[in-house]
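Everything on this sheet refers to the single structure shown next.
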Amino acid sequence: VKTIETDVLVVGAGPGGSTAARFAARNGVRTLLIEKRQEIGSPVRCAEGIAKGWLEECEIPPDPGWIACNPEGARIFSPDGNCAVIGSGHAGDEVGLVIERTLFDKALARLAVEAGARILLKTYASNVTVSNGTVFGITGNSMGEDFDIRAGITIAADGFESQVARWAGMETGLETCDITSTFQYRLCNIECNPSYCDFYVGSCAPGGYIWVFPKGPGTANVGIGIGASRLQDPGQVKATLDRWIAGKPEFSEGQALEMVAGGISTNKPLAAMVSSGFMMVGDAARLINPLTGGGIVNACISGKLAGETAAQAVKQGDTGKIFLQKYEQAWRDRMQKSHIRNWKAKEKYNQLSDDSFNKIIQTLSEAKPHANTLSLLLALVKKHPALVADFVDLLWA
Amino acid sequence: MIFNNHRCLRCGTCVGSCPTNSIFLHETTGIAFTETCIECALCIVVCPVGSISRTPGTNAEPVCRPAQESRV
């Protein structure tokens, strides 16, 4: 069996994997990025909305090539049809840009290559090589040929369905209440407003929401997420979205160009994200924003931190768990507080009734457009103190 | 578990959700179940398109169990 040797092996060329590979390679260690599919970025399994603020931190230059739409804000629709408008400067982590993932993912992979990483397509891992608790790479298959990859550090970036993390013995199991099931169409020939990313909350999507993210003239990603603990019937996720779309006159002439689905984790941070010779990033590390379901920001930031630590570890000749925990600590310093706050917010959000959503959004809609988050909250506290009391501990968490 | 390959989108929602790690994405058949499956049926409800159904004759009850019990 053919054997390939590398310092850092990254499994999966999504945003997290490509970013990890880039920051490892640029720090001067041999880096190999493997991708099971024949094309990076395809098929898309994403609503494609991202915030803008973090791109600089990850050194990702915004490129019109992968920006589909630059909406001015978000609209949140209540069950009774009111809508609150939030300017994109204040929409937090939710919106900012709608992107083309097929091109965005390729752009990130290209950045990794320019930093010195190598890529193998149509190459998958079938197991992890572990000895005495240390990961030494993977066994796999590339274009039909079995082979081994020996690596100082293996980084799992293989998404929500990560097998690599489980093979490496990491505890990544999820409670049912921390899983969301999603389904989305790319609809064309519809009426949609390219100025806004729209969110529909309440019983239309229990434990989640429906989104309409504009992709261009008359085209949008229209999708739904429903909490797994609120699901009862087979196929309920798609069926719920189909019913909702059928009730919207603006979508009556729409046809789907694409349908995609996927699982989202909405859990608190894992107890461990590294072991000896092994790290995990992004969706594979369960690092999705538990409130919004957004995964790209977390994937890229965790990828950057993991890649940097991996390169340091290789150069210092210490790829043990203790050294690699530098990555974990860096992630916790950077993201853990907001992650836990978002998880708590999700728990509260899931308990809100349609009536509560109506009251909240009614109040927000009366505030002046593009008001900042604080003034919106103050308006809420004034009008519905009882409703807000529940959230106060979150705001100061 | 019975699996409808023609409906499956290969999205991996069932794989990442399975509490006993008993489902694998499979190149030709879409997904495959291993013997460790406990018929908890979480995959049936999380599958967005309803491509999984229960094997007739099995009577494992819960479709959606309380969170604590779903972990193995």
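To be explicit about the labels: the chains of the structure tokens are called A, B, and onward in the order shown, and within each one the residues are counted from 1, while ligands get numbers from 1 in the order they are shown.
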
Please produce, as JSON lines, a per-residue contact table for chain B versus chain A (criterion: any atom at most 6 Å away, only C-alpha atoms considered), showing the nearest atom pair and its distance in Å to one decimal, sorted by chain then residue number.
```
{"residue": "B:Cys11", "atom": "CA", "partner": "A:Gly262", "partner_atom": "CA", "distance": 5.0}
{"residue": "B:Gly12", "atom": "CA", "partner": "A:Glu161", "partner_atom": "CA", "distance": 5.5}
{"residue": "B:Thr13", "atom": "CA", "partner": "A:Gly263", "partner_atom": "CA", "distance": 4.2}
{"residue": "B:Val15", "atom": "CA", "partner": "A:Glu161", "partner_atom": "CA", "distance": 5.3}
{"residue": "B:Gly16", "atom": "CA", "partner": "A:Glu161", "partner_atom": "CA", "distance": 3.9}
{"residue": "B:Ile44", "atom": "CA", "partner": "A:Pro234", "partner_atom": "CA", "distance": 5.6}
{"residue": "B:Val45", "atom": "CA", "partner": "A:Pro234", "partner_atom": "CA", "distance": 4.9}
{"residue": "B:Val46", "atom": "CA", "partner": "A:Ser181", "partner_atom": "CA", "distance": 5.5}
{"residue": "B:Pro48", "atom": "CA", "partner": "A:Val237", "partner_atom": "CA", "distance": 4.8}
{"residue": "B:Val49", "atom": "CA", "partner": "A:Gly235", "partner_atom": "CA", "distance": 4.3}
{"residue": "B:Gly50", "atom": "CA", "partner": "A:Gly235", "partner_atom": "CA", "distance": 3.5}
{"residue": "B:Ala67", "atom": "CA", "partner": "A:Thr176", "partner_atom": "CA", "distance": 5.2}
```

Handout entry: Non-local contacts of Gly282 of chain A (6 Å; only C-alpha atoms; under 6 positions in same chain excluded) as a ChimeraX atom specification
Key = /A:16,298-299

Handout entry: A:Asp198, A:Glu171, A:Asp158, A:Glu114 ranked by distance to Gly73 of chain A, top pick (using only C-alpha atoms)
Key =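 Checking each of A:Asp198, A:Glu171, A:Asp158, A:Glu114 against Gly73 of chain A, counting only C-alpha atoms, the winner is A:Asp198.
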
Handout entry: Exercise: segment 351-356 of chain A partners within 10 Å, only C-alpha atoms, chain neighbours under 5 positions left out, as a ChimeraX atom specification
Key = /A:78-80,201-204,206-207,346,361-362,384,387

Keeping only all heavy atoms, write the selected residues to a file as an mmCIF file, in the first residue's frame.
```
data_model
loop_
_atom_site.group_PDB
_atom_site.id
_atom_site.type_symbol
_atom_site.label_atom_id
_atom_site.label_comp_id
_atom_site.auth_asym_id
_atom_site.auth_seq_id
_atom_site.Cartn_x
_atom_site.Cartn_y
_atom_site.Cartn_z
ATOM 1 N N SER A 78 -42.802 38.032 12.393
ATOM 2 C CA SER A 78 -43.496 37.333 13.475
ATOM 3 C C SER A 78 -44.599 36.458 12.887
ATOM 4 O O SER A 78 -44.991 36.625 11.734
ATOM 5 C CB SER A 78 -44.101 38.351 14.437
ATOM 6 O OG SER A 78 -45.011 39.178 13.742
ATOM 7 N N PRO A 79 -45.128 35.537 13.708
ATOM 8 C CA PRO A 79 -46.201 34.669 13.215
ATOM 9 C C PRO A 79 -47.411 35.470 12.721
ATOM 10 O O PRO A 79 -48.091 35.041 11.786
ATOM 11 C CB PRO A 79 -46.560 33.826 14.446
ATOM 12 C CG PRO A 79 -45.300 33.795 15.255
ATOM 13 C CD PRO A 79 -44.649 35.130 15.050
ATOM 14 N N ASP A 80 -47.681 36.661 13.315
ATOM 15 C CA ASP A 80 -48.838 37.439 12.857
ATOM 16 C C ASP A 80 -48.495 38.417 11.732
ATOM 17 O O ASP A 80 -49.284 39.294 11.392
ATOM 18 C CB ASP A 80 -49.529 38.155 14.030
ATOM 19 C CG ASP A 80 -48.627 39.185 14.701
ATOM 20 O OD1 ASP A 80 -47.459 39.339 14.251
ATOM 21 O OD2 ASP A 80 -49.071 39.820 15.668
ATOM 22 N N VAL A 201 -40.047 33.466 12.230
ATOM 23 C CA VAL A 201 -39.919 32.729 13.490
ATOM 24 C C VAL A 201 -41.289 32.285 13.993
ATOM 25 O O VAL A 201 -42.320 32.777 13.527
ATOM 26 C CB VAL A 201 -39.204 33.592 14.554
ATOM 27 C CG1 VAL A 201 -37.803 33.946 14.102
ATOM 28 C CG2 VAL A 201 -40.006 34.859 14.860
ATOM 29 N N GLY A 202 -41.266 31.373 14.961
ATOM 30 C CA GLY A 202 -42.500 30.893 15.573
ATOM 31 C C GLY A 202 -42.832 29.481 15.139
ATOM 32 O O GLY A 202 -41.961 28.727 14.695
ATOM 33 N N SER A 203 -44.113 29.135 15.234
ATOM 34 C CA SER A 203 -44.507 27.742 15.044
ATOM 35 C C SER A 203 -44.392 27.282 13.584
ATOM 36 O O SER A 203 -44.573 26.099 13.302
ATOM 37 C CB SER A 203 -45.933 27.523 15.543
ATOM 38 O OG SER A 203 -46.791 28.464 14.931
ATOM 39 N N CYS A 204 -44.075 28.208 12.657
ATOM 40 C CA CYS A 204 -43.828 27.770 11.282
ATOM 41 C C CYS A 204 -42.588 26.875 11.222
ATOM 42 O O CYS A 204 -42.449 26.061 10.307
ATOM 43 C CB CYS A 204 -43.663 28.967 10.342
ATOM 44 S SG CYS A 204 -42.249 30.026 10.710
ATOM 45 N N PRO A 206 -40.708 25.058 14.379
ATOM 46 C CA PRO A 206 -40.476 24.859 15.815
ATOM 47 C C PRO A 206 -38.996 24.619 16.125
ATOM 48 O O PRO A 206 -38.360 23.767 15.502
ATOM 49 C CB PRO A 206 -41.305 23.619 16.145
ATOM 50 C CG PRO A 206 -42.321 23.523 15.044
ATOM 51 C CD PRO A 206 -41.659 24.090 13.830
ATOM 52 N N GLY A 207 -38.473 25.376 17.076
ATOM 53 C CA GLY A 207 -37.072 25.200 17.459
ATOM 54 C C GLY A 207 -36.095 25.615 16.372
ATOM 55 O O GLY A 207 -34.933 25.218 16.393
ATOM 56 N N LYS A 346 -30.594 30.149 22.644
ATOM 57 C CA LYS A 346 -31.351 29.157 21.880
ATOM 58 C C LYS A 346 -32.360 28.445 22.775
ATOM 59 O O LYS A 346 -33.515 28.239 22.393
ATOM 60 C CB LYS A 346 -30.396 28.119 21.274
ATOM 61 C CG LYS A 346 -31.098 26.966 20.573
ATOM 62 C CD LYS A 346 -30.273 25.680 20.544
ATOM 63 C CE LYS A 346 -30.344 24.942 21.864
ATOM 64 N NZ LYS A 346 -29.750 23.594 21.810
ATOM 65 N N ILE A 361 -41.683 41.227 18.326
ATOM 66 C CA ILE A 361 -41.431 41.805 17.000
ATOM 67 C C ILE A 361 -42.281 43.048 16.776
ATOM 68 O O ILE A 361 -41.839 44.010 16.145
ATOM 69 C CB ILE A 361 -41.617 40.719 15.921
ATOM 70 C CG1 ILE A 361 -40.427 39.754 16.045
ATOM 71 C CG2 ILE A 361 -41.677 41.318 14.516
ATOM 72 C CD1 ILE A 361 -40.552 38.473 15.315
ATOM 73 N N GLN A 362 -43.473 43.070 17.355
ATOM 74 C CA GLN A 362 -44.295 44.290 17.308
ATOM 75 C C GLN A 362 -43.501 45.462 17.918
ATOM 76 O O GLN A 362 -43.411 46.539 17.346
ATOM 77 C CB GLN A 362 -45.593 44.045 18.100
ATOM 78 C CG GLN A 362 -46.420 45.277 18.381
ATOM 79 C CD GLN A 362 -47.137 45.759 17.129
ATOM 80 O OE1 GLN A 362 -47.524 44.959 16.292
ATOM 81 N NE2 GLN A 362 -47.285 47.070 16.987
ATOM 82 N N HIS A 384 -42.473 45.338 27.502
ATOM 83 C CA HIS A 384 -42.822 43.983 27.960
ATOM 84 C C HIS A 384 -41.831 43.496 29.006
ATOM 85 O O HIS A 384 -41.085 42.554 28.758
ATOM 86 C CB HIS A 384 -42.837 42.996 26.788
ATOM 87 C CG HIS A 384 -43.833 43.319 25.741
ATOM 88 N ND1 HIS A 384 -45.185 43.230 25.942
ATOM 89 C CD2 HIS A 384 -43.684 43.759 24.474
ATOM 90 C CE1 HIS A 384 -45.835 43.596 24.845
ATOM 91 N NE2 HIS A 384 -44.928 43.923 23.936
ATOM 92 N N LEU A 387 -41.655 39.747 29.723
ATOM 93 C CA LEU A 387 -41.109 38.945 28.634
ATOM 94 C C LEU A 387 -39.587 39.008 28.627
ATOM 95 O O LEU A 387 -38.895 38.031 28.348
ATOM 96 C CB LEU A 387 -41.649 39.508 27.308
ATOM 97 C CG LEU A 387 -41.646 38.611 26.103
ATOM 98 C CD1 LEU A 387 -42.445 37.364 26.388
ATOM 99 C CD2 LEU A 387 -42.261 39.362 24.929
#
```

Exercise for the section: Report the residues of segment 5-208 of chain A whose backbone DSSP state falls under alpha helix (DSSP H), written as a ChimeraX atom specification. Expected result: /A:15-25,101-114,164-167

Practice task
Enumerate the residues of segment 163-254 of chain A with a DSSP assignment of strand (DSSP E or B), computed from the backbone, and present them as a PyMOL selection string.
Solution key: chain A and resi 179-188+196-200+209-216+219-227

Handout entry: All residues 8 Å or closer to segment 37-39 of chain B, only C-alpha atoms, same chain fewer than 3 positions away omitted, as number ranges by chain
Key = B: 1, 20-23, 33-34, 54, 60

Practice task
Determine, counting only C-alpha atoms, which protein, DNA and RNA residues have an atom within 6 Å of an atom of segment 152-155 of chain A; residues of the same chain fewer than 3 positions away are not included. Present the result as an MDAnalysis selection string.
Solution key: chainID A and resid 7:10 137 277:280

Practice task
Could you check how far atom CA of Gln325 of chain A sits from atom CA of Thr19 of chain A, in Å to one decimal?
Solution key: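 Straight-line distance from atom CA of Gln325 of chain A to atom CA of Thr19 of chain A works out to 18.6 Å.
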
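Considering only C-alpha atoms, the residue among B:Ile31, B:Ile2, B:Cys14, B:Leu9 positioned nearest to Ile52 of chain B is B:Ile2.
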
Completion exercise
Shortest contact to Asn4 of chain B, candidates B:Ser51, B:Thr29, B:Pro56, B:Ala41, atoms counted only C-alpha atoms, goes to B:Ser51

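You will find atom CA of Gly254 of chain A at 15.8 Å from atom CA of Pro194 of chain A.
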
Practice task
With a distance cut-off of 12 Å and only C-alpha atoms, select the neighbouring residues of segment 315-319 of chain A, excluding the residue or stretch itself and same-chain residues fewer than 2 positions from it, and output the selection as a count of residues only.
Solution key: 35

Problem - Straight-line distance linking atom CA of Tyr209 of chain A with atom CA of Cys40 of chain B, stated in Å to one decimal - result: 25.9 Å

Problem - Minimum-distance residue to Val1 of chain A, chosen among A:Tyr124, A:Phe23, A:Phe147, A:Phe104 (using only C-alpha atoms) - result: A:Phe147
